[in-house]
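final_12.pdb follows (PDB, C-alpha atoms and all ligand atoms):
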```
ATOM      1  CA  MET A 243     106.129 -50.990 157.982  1.00  0.00           C
ATOM      2  CA  TYR A 244     103.333 -48.426 158.044  1.00  0.00           C
ATOM      3  CA  ASN A 245      99.613 -48.843 157.510  1.00  0.00           C
ATOM      4  CA  TRP A 246      97.998 -46.997 154.591  1.00  0.00           C
ATOM      5  CA  GLU A 247      96.999 -43.994 156.643  1.00  0.00           C
ATOM      6  CA  GLU A 248     100.488 -43.557 158.116  1.00  0.00           C
ATOM      7  CA  LEU A 249     102.175 -44.179 154.785  1.00  0.00           C
ATOM      8  CA  LYS A 250     100.087 -41.538 152.965  1.00  0.00           C
ATOM      9  CA  LYS A 251     100.791 -39.035 155.726  1.00  0.00           C
ATOM     10  CA  ILE A 252     104.545 -39.651 155.614  1.00  0.00           C
ATOM     11  CA  LEU A 253     104.638 -39.507 151.827  1.00  0.00           C
ATOM     12  CA  LYS A 254     102.787 -36.212 151.735  1.00  0.00           C
ATOM     13  CA  ASP A 255     105.700 -34.507 153.523  1.00  0.00           C
ATOM     14  CA  CYS A 256     108.546 -36.625 152.160  1.00  0.00           C
ATOM     15  CA  ARG A 257     111.834 -34.834 151.522  1.00  0.00           C
ATOM     16  CA  GLY A 258     113.828 -37.985 150.875  1.00  0.00           C
ATOM     17  CA  CYS A 259     115.286 -36.792 147.563  1.00  0.00           C
ATOM     18  CA  GLY A 260     115.575 -33.661 145.432  1.00  0.00           C
ATOM     19  CA  LEU A 261     112.324 -34.297 143.537  1.00  0.00           C
ATOM     20  CA  CYS A 262     110.422 -32.805 146.483  1.00  0.00           C
ATOM     21  CA  ASP A 263     111.658 -29.328 145.494  1.00  0.00           C
ATOM     22  CA  THR A 264     109.793 -29.233 142.176  1.00  0.00           C
ATOM     23  CA  ARG A 265     106.733 -31.427 142.780  1.00  0.00           C
ATOM     24  CA  HIS A 266     103.181 -30.151 143.135  1.00  0.00           C
ATOM     25  CA  ASN A 267     101.823 -33.381 144.595  1.00  0.00           C
ATOM     26  CA  VAL A 268     103.205 -36.686 145.804  1.00  0.00           C
ATOM     27  CA  VAL A 269     101.572 -39.406 143.704  1.00  0.00           C
ATOM     28  CA  VAL A 270     100.983 -42.395 145.974  1.00  0.00           C
ATOM     29  CA  GLY A 271      98.817 -44.655 143.814  1.00  0.00           C
ATOM     30  CA  ARG A 272      95.284 -45.443 142.748  1.00  0.00           C
ATOM     31  CA  GLY A 273      93.048 -48.478 142.446  1.00  0.00           C
ATOM     32  CA  THR A 274      92.254 -51.135 145.012  1.00  0.00           C
ATOM     33  CA  GLU A 275      94.416 -51.459 148.104  1.00  0.00           C
ATOM     34  CA  THR A 276      93.782 -55.226 148.345  1.00  0.00           C
ATOM     35  CA  ALA A 277      94.128 -55.978 144.615  1.00  0.00           C
ATOM     36  CA  ARG A 278      95.567 -59.172 143.126  1.00  0.00           C
ATOM     37  CA  ILE A 279      97.596 -57.199 140.586  1.00  0.00           C
ATOM     38  CA  LEU A 280     100.081 -54.376 141.209  1.00  0.00           C
ATOM     39  CA  PHE A 281     101.081 -52.290 138.189  1.00  0.00           C
ATOM     40  CA  VAL A 282     104.274 -50.266 138.588  1.00  0.00           C
ATOM     41  CA  GLY A 283     105.199 -47.379 136.282  1.00  0.00           C
ATOM     42  CA  GLU A 284     108.166 -45.053 136.285  1.00  0.00           C
ATOM     43  CA  GLY A 285     107.152 -41.787 137.866  1.00  0.00           C
ATOM     44  CA  PRO A 286     104.477 -39.107 137.632  1.00  0.00           C
ATOM     45  CA  GLY A 287     104.246 -36.950 134.518  1.00  0.00           C
ATOM     46  CA  GLU A 288     102.818 -33.443 134.295  1.00  0.00           C
ATOM     47  CA  GLN A 289      99.140 -34.336 134.741  1.00  0.00           C
ATOM     48  CA  GLU A 290      99.890 -36.845 137.489  1.00  0.00           C
ATOM     49  CA  ASP A 291     101.929 -34.222 139.372  1.00  0.00           C
ATOM     50  CA  LEU A 292      99.106 -31.707 139.077  1.00  0.00           C
ATOM     51  CA  GLN A 293      96.278 -34.108 139.962  1.00  0.00           C
ATOM     52  CA  GLY A 294      98.130 -36.269 142.507  1.00  0.00           C
ATOM     53  CA  LYS A 295      97.118 -39.528 140.794  1.00  0.00           C
ATOM     54  CA  PRO A 296      99.148 -41.940 138.634  1.00  0.00           C
ATOM     55  CA  PHE A 297      98.450 -42.550 134.960  1.00  0.00           C
ATOM     56  CA  VAL A 298      95.853 -39.842 134.396  1.00  0.00           C
ATOM     57  CA  GLY A 299      97.637 -38.120 131.455  1.00  0.00           C
ATOM     58  CA  PRO A 300      97.910 -39.323 127.822  1.00  0.00           C
ATOM     59  CA  ALA A 301      99.827 -42.519 128.739  1.00  0.00           C
ATOM     60  CA  GLY A 302      97.230 -43.268 131.404  1.00  0.00           C
ATOM     61  CA  LYS A 303      94.376 -42.838 128.921  1.00  0.00           C
ATOM     62  CA  LEU A 304      96.015 -45.382 126.614  1.00  0.00           C
ATOM     63  CA  LEU A 305      96.611 -47.748 129.526  1.00  0.00           C
ATOM     64  CA  ASP A 306      92.947 -47.447 130.558  1.00  0.00           C
ATOM     65  CA  LEU A 307      91.833 -48.311 127.003  1.00  0.00           C
ATOM     66  CA  VAL A 308      94.031 -51.410 126.897  1.00  0.00           C
ATOM     67  CA  LEU A 309      92.891 -52.513 130.360  1.00  0.00           C
ATOM     68  CA  GLN A 310      89.247 -52.019 129.383  1.00  0.00           C
ATOM     69  CA  ALA A 311      89.788 -53.985 126.168  1.00  0.00           C
ATOM     70  CA  CYS A 312      91.208 -56.816 128.300  1.00  0.00           C
ATOM     71  CA  ARG A 313      88.360 -56.519 130.851  1.00  0.00           C
ATOM     72  CA  ILE A 314      90.810 -55.762 133.688  1.00  0.00           C
ATOM     73  CA  LYS A 315      88.841 -53.693 136.180  1.00  0.00           C
ATOM     74  CA  GLU A 316      89.967 -51.184 138.790  1.00  0.00           C
ATOM     75  CA  GLU A 317      88.776 -53.569 141.517  1.00  0.00           C
ATOM     76  CA  GLU A 318      91.442 -55.980 140.293  1.00  0.00           C
ATOM     77  CA  TYR A 319      94.501 -53.732 140.387  1.00  0.00           C
ATOM     78  CA  TYR A 320      96.456 -51.055 142.187  1.00  0.00           C
ATOM     79  CA  ILE A 321      98.826 -48.818 140.253  1.00  0.00           C
ATOM     80  CA  ALA A 322     101.904 -47.054 141.624  1.00  0.00           C
ATOM     81  CA  ASN A 323     105.261 -45.789 140.413  1.00  0.00           C
ATOM     82  CA  ILE A 324     108.942 -46.332 141.176  1.00  0.00           C
ATOM     83  CA  VAL A 325     109.234 -42.662 142.201  1.00  0.00           C
ATOM     84  CA  LYS A 326     106.295 -40.813 143.742  1.00  0.00           C
ATOM     85  CA  CYS A 327     107.309 -37.314 142.640  1.00  0.00           C
ATOM     86  CA  ARG A 328     107.669 -36.008 139.088  1.00  0.00           C
ATOM     87  CA  PRO A 329     111.190 -35.854 137.676  1.00  0.00           C
ATOM     88  CA  PRO A 330     111.635 -32.421 136.032  1.00  0.00           C
ATOM     89  CA  MET A 331     110.940 -32.456 132.270  1.00  0.00           C
ATOM     90  CA  ASN A 332     109.911 -36.121 132.643  1.00  0.00           C
ATOM     91  CA  ARG A 333     113.525 -37.255 132.680  1.00  0.00           C
ATOM     92  CA  ASP A 334     114.300 -40.775 133.930  1.00  0.00           C
ATOM     93  CA  PRO A 335     114.470 -40.952 137.725  1.00  0.00           C
ATOM     94  CA  LEU A 336     118.073 -41.001 138.962  1.00  0.00           C
ATOM     95  CA  PRO A 337     119.242 -44.201 140.673  1.00  0.00           C
ATOM     96  CA  GLU A 338     119.460 -42.352 144.014  1.00  0.00           C
ATOM     97  CA  GLU A 339     115.890 -41.045 143.610  1.00  0.00           C
ATOM     98  CA  ALA A 340     114.592 -44.543 142.828  1.00  0.00           C
ATOM     99  CA  ALA A 341     116.546 -45.935 145.792  1.00  0.00           C
ATOM    100  CA  ALA A 342     115.205 -43.252 148.165  1.00  0.00           C
ATOM    101  CA  CYS A 343     111.618 -44.066 147.114  1.00  0.00           C
ATOM    102  CA  MET A 344     111.913 -47.881 147.073  1.00  0.00           C
ATOM    103  CA  PRO A 345     110.998 -48.418 150.759  1.00  0.00           C
ATOM    104  CA  TYR A 346     107.614 -46.792 150.032  1.00  0.00           C
ATOM    105  CA  LEU A 347     106.935 -49.154 147.130  1.00  0.00           C
ATOM    106  CA  ARG A 348     108.008 -52.097 149.305  1.00  0.00           C
ATOM    107  CA  ASN A 349     105.614 -50.895 151.989  1.00  0.00           C
ATOM    108  CA  GLN A 350     102.793 -50.633 149.421  1.00  0.00           C
ATOM    109  CA  PHE A 351     103.625 -54.141 148.193  1.00  0.00           C
ATOM    110  CA  ALA A 352     103.514 -55.483 151.768  1.00  0.00           C
ATOM    111  CA  LEU A 353     100.095 -53.874 152.368  1.00  0.00           C
ATOM    112  CA  ILE A 354      98.546 -54.913 149.047  1.00  0.00           C
ATOM    113  CA  LYS A 355     100.042 -58.448 149.008  1.00  0.00           C
ATOM    114  CA  PRO A 356      99.563 -58.775 145.250  1.00  0.00           C
ATOM    115  CA  GLU A 357      99.803 -62.132 143.495  1.00  0.00           C
ATOM    116  CA  ALA A 358     101.415 -60.524 140.454  1.00  0.00           C
ATOM    117  CA  VAL A 359     103.426 -57.376 139.711  1.00  0.00           C
ATOM    118  CA  ILE A 360     103.360 -55.925 136.190  1.00  0.00           C
ATOM    119  CA  CYS A 361     106.213 -53.550 135.363  1.00  0.00           C
ATOM    120  CA  LEU A 362     105.230 -50.870 132.878  1.00  0.00           C
ATOM    121  CA  GLY A 363     108.406 -50.056 131.000  1.00  0.00           C
ATOM    122  CA  ARG A 364     112.145 -50.301 131.344  1.00  0.00           C
ATOM    123  CA  ILE A 365     112.661 -48.333 134.562  1.00  0.00           C
ATOM    124  CA  ALA A 366     110.277 -50.469 136.638  1.00  0.00           C
ATOM    125  CA  ALA A 367     111.407 -53.695 134.954  1.00  0.00           C
ATOM    126  CA  LYS A 368     115.083 -52.976 135.628  1.00  0.00           C
ATOM    127  CA  SER A 369     114.414 -52.112 139.270  1.00  0.00           C
ATOM    128  CA  LEU A 370     112.045 -54.983 140.016  1.00  0.00           C
ATOM    129  CA  VAL A 371     112.804 -57.852 137.615  1.00  0.00           C
ATOM    130  CA  ASP A 372     116.326 -57.730 136.187  1.00  0.00           C
ATOM    131  CA  PRO A 373     118.779 -54.827 135.750  1.00  0.00           C
ATOM    132  CA  ASN A 374     119.731 -56.224 132.323  1.00  0.00           C
ATOM    133  CA  ILE A 375     116.211 -56.849 131.054  1.00  0.00           C
ATOM    134  CA  LYS A 376     115.340 -56.072 127.432  1.00  0.00           C
ATOM    135  CA  ILE A 377     111.614 -55.367 127.231  1.00  0.00           C
ATOM    136  CA  THR A 378     111.405 -56.025 123.479  1.00  0.00           C
ATOM    137  CA  ARG A 379     112.751 -59.534 124.062  1.00  0.00           C
ATOM    138  CA  GLU A 380     111.361 -60.435 127.471  1.00  0.00           C
ATOM    139  CA  HIS A 381     107.987 -58.683 127.679  1.00  0.00           C
ATOM    140  CA  GLY A 382     105.028 -60.883 128.558  1.00  0.00           C
ATOM    141  CA  GLN A 383     107.111 -63.538 130.320  1.00  0.00           C
ATOM    142  CA  TRP A 384     106.193 -64.468 133.871  1.00  0.00           C
ATOM    143  CA  VAL A 385     109.103 -64.611 136.316  1.00  0.00           C
ATOM    144  CA  ASP A 386     108.561 -66.106 139.766  1.00  0.00           C
ATOM    145  CA  LYS A 387     110.153 -64.307 142.721  1.00  0.00           C
ATOM    146  CA  LYS A 388     109.458 -65.809 146.133  1.00  0.00           C
ATOM    147  CA  GLY A 389     105.997 -66.969 145.078  1.00  0.00           C
ATOM    148  CA  VAL A 390     104.979 -63.701 143.410  1.00  0.00           C
ATOM    149  CA  ARG A 391     104.807 -63.464 139.630  1.00  0.00           C
ATOM    150  CA  PHE A 392     106.470 -60.582 137.855  1.00  0.00           C
ATOM    151  CA  MET A 393     106.019 -59.534 134.250  1.00  0.00           C
ATOM    152  CA  ALA A 394     107.515 -56.666 132.270  1.00  0.00           C
ATOM    153  CA  THR A 395     105.661 -55.022 129.433  1.00  0.00           C
ATOM    154  CA  PHE A 396     105.783 -51.858 127.359  1.00  0.00           C
ATOM    155  CA  HIS A 397     105.193 -48.474 128.923  1.00  0.00           C
ATOM    156  CA  PRO A 398     102.164 -46.857 127.268  1.00  0.00           C
ATOM    157  CA  ALA A 399     104.191 -43.626 126.838  1.00  0.00           C
ATOM    158  CA  ALA A 400     106.768 -45.581 124.799  1.00  0.00           C
ATOM    159  CA  ILE A 401     103.925 -46.575 122.474  1.00  0.00           C
ATOM    160  CA  LEU A 402     102.731 -42.980 122.136  1.00  0.00           C
ATOM    161  CA  HIS A 403     106.253 -41.756 121.375  1.00  0.00           C
ATOM    162  CA  ASP A 404     107.029 -44.416 118.771  1.00  0.00           C
ATOM    163  CA  ALA A 405     105.661 -43.169 115.439  1.00  0.00           C
ATOM    164  CA  GLN A 406     106.876 -46.210 113.512  1.00  0.00           C
ATOM    165  CA  GLY A 407     106.593 -49.138 115.891  1.00  0.00           C
ATOM    166  CA  GLY A 408     103.801 -47.853 118.135  1.00  0.00           C
ATOM    167  CA  ASN A 409     101.033 -50.008 116.666  1.00  0.00           C
ATOM    168  CA  ALA A 410     103.072 -53.182 116.916  1.00  0.00           C
ATOM    169  CA  LYS A 411     103.969 -52.342 120.544  1.00  0.00           C
ATOM    170  CA  LYS A 412     100.314 -51.603 121.337  1.00  0.00           C
ATOM    171  CA  LYS A 413      99.335 -55.056 120.078  1.00  0.00           C
ATOM    172  CA  MET A 414     102.093 -56.609 122.225  1.00  0.00           C
ATOM    173  CA  LEU A 415     100.916 -54.632 125.265  1.00  0.00           C
ATOM    174  CA  PHE A 416      97.381 -55.906 124.608  1.00  0.00           C
ATOM    175  CA  ASP A 417      98.604 -59.510 124.282  1.00  0.00           C
ATOM    176  CA  ASP A 418     100.578 -59.184 127.537  1.00  0.00           C
ATOM    177  CA  MET A 419      97.551 -57.768 129.339  1.00  0.00           C
ATOM    178  CA  MET A 420      95.465 -60.681 128.054  1.00  0.00           C
ATOM    179  CA  LYS A 421      97.955 -62.930 129.875  1.00  0.00           C
ATOM    180  CA  VAL A 422      97.216 -60.929 133.021  1.00  0.00           C
ATOM    181  CA  ARG A 423      93.478 -61.441 132.355  1.00  0.00           C
ATOM    182  CA  ALA A 424      94.056 -65.185 131.917  1.00  0.00           C
ATOM    183  CA  PHE A 425      95.998 -65.266 135.191  1.00  0.00           C
ATOM    184  CA  LEU A 426      93.153 -63.484 136.993  1.00  0.00           C
ATOM    185  CA  ASP A 427      90.780 -66.065 135.515  1.00  0.00           C
ATOM    186  CA  GLY A 428      92.952 -68.892 136.844  1.00  0.00           C
ATOM    187  CA  LYS A 429      94.011 -69.935 133.352  1.00  0.00           C
ATOM    188  CA  ASN A 430      97.787 -69.749 133.671  1.00  0.00           C
TER     189      ASN A 430
HETATM  190  N1  LIG B   1     104.104 -42.497 133.425  1.00  0.00           N
HETATM  191  C1  LIG B   1     104.414 -43.225 134.517  1.00  0.00           C
HETATM  192  O1  LIG B   1     105.353 -44.019 134.513  1.00  0.00           O
HETATM  193  N2  LIG B   1     103.664 -43.066 135.599  1.00  0.00           N
HETATM  194  C2  LIG B   1     102.623 -42.247 135.641  1.00  0.00           C
HETATM  195  O2  LIG B   1     101.993 -42.193 136.678  1.00  0.00           O
HETATM  196  C3  LIG B   1     102.311 -41.525 134.487  1.00  0.00           C
HETATM  197  C4  LIG B   1     103.071 -41.647 133.388  1.00  0.00           C
END
```

Please go through the file and, once you have read it, give me the structure as structure tokens.
Amino acid sequence: MYNWEELKKILKDCRGCGLCDTRHNVVVGRGTETARILFVGEGPGEQEDLQGKPFVGPAGKLLDLVLQACRIKEEEYYIANIVKCRPPMNRDPLPEEAAACMPYLRNQFALIKPEAVICLGRIAAKSLVDPNIKITREHGQWVDKKGVRFMATFHPAAILHDAQGGNAKKKMLFDDMMKVRAFLDGKN
């Protein structure tokens, strides 16, 4: 296991999978390195790749709005992704890319020591909670794994891309985040 400084240095030069060939920046994470909550997304999009920070594009703006509405502050969370480099054309990360990057997420988890991990979307939920998970059915449910709580919820990009069901999903994302707020407040 590496400390933060070592980990960031190693990640900067990582050539562990093919995504290194097309990336502009490795996106390590943002937020508070001792937070109680770890959010995990899928992988950097265009803006994240250019700026080197997760969730700073349109999906990130929506996530920020929902977090603000639920009074979840940056001091209370860290946010990272399953893969740290942008998959070309925002395709899903390949299983071998996710596997190559997983030791870095595990290292981040070990440094942060979060009390709860919130998976944003299917890719993170399948990797971290259950390979057969159905977000529409199981979102918002806490699952205990070795004393750490895990929850899957909707990816904000899935809300933006869903013209018909987007509003309903946004409300469900909000309700799930209110459960995170309640947890932070010691209420569940
Ligand atoms: N989508 C993700 O899953 N992660 C990001 O960092 C941005 C968009």

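Atom CA of Gln310 of chain A to atom CA of Ile401 of chain A spans 17.1 Å [interatomic distance, one decimal].
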
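Of the residues under consideration (A:Ala400, A:Ala410, A:Cys256, A:Met420), A:Ala400 shows the shortest atom-to-atom contact distance to Leu304 of chain A when counting all atoms listed in the file.
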
- [ ] I would like the residues chosen by the PyMOL selection byres (((not hetatm)) within 8 of (chain B and resi 1)) on the shown file; could you give them as a ChimeraX atom specification?
- [x] /A:269,282-287,289-290,295-302,322-324,362-363,397-399

- [ ] Between A:Tyr346, A:Trp246, A:Phe425, A:Phe392, single out the one closest to Ile314 of chain A, counting only C-alpha atoms.
- [x] A:Phe425

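Residues matched by the PyMOL selection byres (((chain A and resi 417) around 12) and not hetatm) in this file are Val308, Leu309, Ala311, Cys312, His381, Gly382, Gln383, Thr395, Phe396, Ala410, Lys411, Lys412, Lys413, Met414, Leu415, Phe416, Asp418, Met419, Met420, Lys421, Val422, Arg423 and Ala424 of chain A.
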
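The two atoms in question, atom CA of Leu347 of chain A and atom CA of Glu380 of chain A, are spaced 23.1 Å apart.
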
Task: Selected residue of minimal separation from Thr276 of chain A among A:Pro329, A:Gly408, A:Pro356, A:Pro335, counting all atoms listed in the file - done: A:Pro356

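Atom CA of Leu261 of chain A to atom CA of Leu336 of chain A spans 9.9 Å [interatomic distance, one decimal].
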
Using all atoms of segment 336-351 of chain A that appear in the file, construct an axis-aligned enclosing box with 4 Å of padding on every side and provide its centre coordinates and edge lengths in Å, rounded to one decimal, as JSON.
```
{"center_x": 111.1, "center_y": -47.6, "center_z": 145.5, "size_x": 24.7, "size_y": 21.1, "size_z": 21.0}
```

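Matched in the shown structure by the PyMOL selection byres (((chain A and resi 367) around 9) and not hetatm): Val282, Gly283, Ile360, Cys361, Leu362, Gly363, Arg364, Ile365, Ala366, Lys368, Ser369, Leu370, Val371, Asp372, Pro373, Ile375, Lys376, Ile377, Phe392, Met393, Ala394 and Thr395 of chain A.
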
For segment 260-308 of chain A versus segment 250-253 of chain A, which residues have an atom no more than 12 Å away, and what is each residue's nearest atom pair and distance in Å rounded to one decimal, using only C-alpha atoms, chain-then-number order, as CSV?
```
residue,atom,partner,partner_atom,distance
A:Cys262,CA,A:Leu253,CA,10.3
A:Asn267,CA,A:Leu253,CA,9.9
A:Val268,CA,A:Leu253,CA,6.8
A:Val269,CA,A:Leu253,CA,8.7
A:Val270,CA,A:Lys250,CA,7.1
A:Gly271,CA,A:Lys250,CA,9.8
A:Arg272,CA,A:Lys250,CA,11.9
A:Gly294,CA,A:Leu253,CA,11.8
```

Open item on the list: Can you tell me which residues surround Ala340 of chain A at a distance of at most 6 Å, considering only C-alpha atoms, apart from same-chain residues fewer than 3 positions away, and format the answer as a count of residues only?
Closed with: 3

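The smallest atom-to-atom distance between Arg278 of chain A and any of A:Thr264, A:Glu339, A:Ala358, A:Asn349, using all atoms listed in the file, is found for A:Ala358.
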
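The closest residue to Asp263 of chain A, picked from A:Arg328, A:Arg313, A:Leu249, A:Lys303 and counting only C-alpha atoms, is A:Arg328.
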
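Shortest atom-to-atom contact with Phe351 of chain A among A:Glu275, A:Asp306, A:Asp291, A:Asp427: A:Glu275, counting only C-alpha atoms.
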
For segment 310-320 of chain A, supply all heavy atoms and format the output as a JSON list (two decimals), keeping the file's coordinate frame.
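Done, and the output landed in out.json:
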```json
[["chain", "number", "residue", "atom", "x", "y", "z"],
["A", 310, "GLN", "N", 90.68, -51.79, 129.66],
["A", 310, "GLN", "CA", 89.25, -52.02, 129.38],
["A", 310, "GLN", "C", 89.07, -53.09, 128.32],
["A", 310, "GLN", "O", 88.21, -53.96, 128.44],
["A", 310, "GLN", "CB", 88.60, -50.72, 128.89],
["A", 310, "GLN", "CG", 88.09, -49.84, 130.02],
["A", 310, "GLN", "CD", 87.74, -48.45, 129.53],
["A", 310, "GLN", "OE1", 87.37, -48.27, 128.37],
["A", 310, "GLN", "NE2", 87.87, -47.48, 130.40],
["A", 311, "ALA", "N", 89.90, -53.01, 127.26],
["A", 311, "ALA", "CA", 89.79, -53.98, 126.17],
["A", 311, "ALA", "C", 90.05, -55.40, 126.69],
["A", 311, "ALA", "O", 89.50, -56.37, 126.17],
["A", 311, "ALA", "CB", 90.77, -53.64, 125.06],
["A", 312, "CYS", "N", 90.88, -55.50, 127.72],
["A", 312, "CYS", "CA", 91.21, -56.82, 128.30],
["A", 312, "CYS", "C", 90.30, -57.15, 129.49],
["A", 312, "CYS", "O", 90.53, -58.16, 130.17],
["A", 312, "CYS", "CB", 92.67, -56.85, 128.73],
["A", 312, "CYS", "SG", 93.81, -56.66, 127.36],
["A", 313, "ARG", "N", 89.32, -56.33, 129.74],
["A", 313, "ARG", "CA", 88.36, -56.52, 130.85],
["A", 313, "ARG", "C", 89.08, -56.61, 132.21],
["A", 313, "ARG", "O", 88.69, -57.38, 133.08],
["A", 313, "ARG", "CB", 87.48, -57.77, 130.61],
["A", 313, "ARG", "CG", 86.55, -57.64, 129.42],
["A", 313, "ARG", "CD", 85.80, -58.93, 129.14],
["A", 313, "ARG", "NE", 86.70, -59.99, 128.72],
["A", 313, "ARG", "CZ", 87.13, -61.00, 129.48],
["A", 313, "ARG", "NH1", 86.73, -61.12, 130.72],
["A", 313, "ARG", "NH2", 87.94, -61.91, 129.00],
["A", 314, "ILE", "N", 90.15, -55.84, 132.37],
["A", 314, "ILE", "CA", 90.81, -55.76, 133.69],
["A", 314, "ILE", "C", 90.25, -54.53, 134.39],
["A", 314, "ILE", "O", 90.39, -53.41, 133.89],
["A", 314, "ILE", "CB", 92.35, -55.69, 133.53],
["A", 314, "ILE", "CG1", 92.87, -56.96, 132.84],
["A", 314, "ILE", "CG2", 93.01, -55.51, 134.89],
["A", 314, "ILE", "CD1", 94.35, -56.92, 132.47],
["A", 315, "LYS", "N", 89.58, -54.77, 135.51],
["A", 315, "LYS", "CA", 88.84, -53.69, 136.18],
["A", 315, "LYS", "C", 89.62, -53.10, 137.34],
["A", 315, "LYS", "O", 90.49, -53.76, 137.90],
["A", 315, "LYS", "CB", 87.51, -54.25, 136.70],
["A", 315, "LYS", "CG", 86.63, -54.80, 135.61],
["A", 315, "LYS", "CD", 85.44, -55.55, 136.21],
["A", 315, "LYS", "CE", 84.95, -56.64, 135.30],
["A", 315, "LYS", "NZ", 85.89, -57.79, 135.19],
["A", 316, "GLU", "N", 89.24, -51.87, 137.70],
["A", 316, "GLU", "CA", 89.97, -51.18, 138.79],
["A", 316, "GLU", "C", 89.91, -51.96, 140.11],
["A", 316, "GLU", "O", 90.83, -51.85, 140.93],
["A", 316, "GLU", "CB", 89.48, -49.74, 138.97],
["A", 316, "GLU", "CG", 90.67, -48.82, 139.04],
["A", 316, "GLU", "CD", 90.40, -47.35, 139.31],
["A", 316, "GLU", "OE1", 89.34, -47.01, 139.88],
["A", 316, "GLU", "OE2", 91.28, -46.55, 138.98],
["A", 317, "GLU", "N", 88.86, -52.75, 140.30],
["A", 317, "GLU", "CA", 88.78, -53.57, 141.52],
["A", 317, "GLU", "C", 89.90, -54.60, 141.55],
["A", 317, "GLU", "O", 90.22, -55.15, 142.60],
["A", 317, "GLU", "CB", 87.45, -54.35, 141.61],
["A", 317, "GLU", "CG", 86.22, -53.49, 141.68],
["A", 317, "GLU", "CD", 85.72, -53.12, 140.28],
["A", 317, "GLU", "OE1", 85.09, -53.96, 139.63],
["A", 317, "GLU", "OE2", 85.98, -51.97, 139.86],
["A", 318, "GLU", "N", 90.47, -54.89, 140.38],
["A", 318, "GLU", "CA", 91.44, -55.98, 140.29],
["A", 318, "GLU", "C", 92.89, -55.51, 140.38],
["A", 318, "GLU", "O", 93.80, -56.32, 140.39],
["A", 318, "GLU", "CB", 91.24, -56.75, 138.99],
["A", 318, "GLU", "CG", 89.88, -57.44, 138.95],
["A", 318, "GLU", "CD", 89.63, -58.15, 137.63],
["A", 318, "GLU", "OE1", 89.60, -57.47, 136.57],
["A", 318, "GLU", "OE2", 89.42, -59.37, 137.66],
["A", 319, "TYR", "N", 93.11, -54.18, 140.37],
["A", 319, "TYR", "CA", 94.50, -53.73, 140.39],
["A", 319, "TYR", "C", 94.71, -52.48, 141.23],
["A", 319, "TYR", "O", 93.77, -51.72, 141.53],
["A", 319, "TYR", "CB", 95.02, -53.48, 138.97],
["A", 319, "TYR", "CG", 94.39, -52.33, 138.21],
["A", 319, "TYR", "CD1", 94.83, -51.02, 138.38],
["A", 319, "TYR", "CD2", 93.35, -52.55, 137.31],
["A", 319, "TYR", "CE1", 94.27, -49.97, 137.69],
["A", 319, "TYR", "CE2", 92.77, -51.50, 136.61],
["A", 319, "TYR", "CZ", 93.23, -50.22, 136.79],
["A", 319, "TYR", "OH", 92.65, -49.18, 136.11],
["A", 320, "TYR", "N", 95.97, -52.31, 141.59],
["A", 320, "TYR", "CA", 96.46, -51.06, 142.19],
["A", 320, "TYR", "C", 97.59, -50.61, 141.28],
["A", 320, "TYR", "O", 98.29, -51.44, 140.69],
["A", 320, "TYR", "CB", 96.97, -51.30, 143.60],
["A", 320, "TYR", "CG", 97.33, -50.04, 144.35],
["A", 320, "TYR", "CD1", 96.37, -49.34, 145.07],
["A", 320, "TYR", "CD2", 98.64, -49.54, 144.34],
["A", 320, "TYR", "CE1", 96.69, -48.17, 145.74],
["A", 320, "TYR", "CE2", 98.96, -48.36, 145.01],
["A", 320, "TYR", "CZ", 97.98, -47.69, 145.71],
["A", 320, "TYR", "OH", 98.30, -46.53, 146.38]]
```
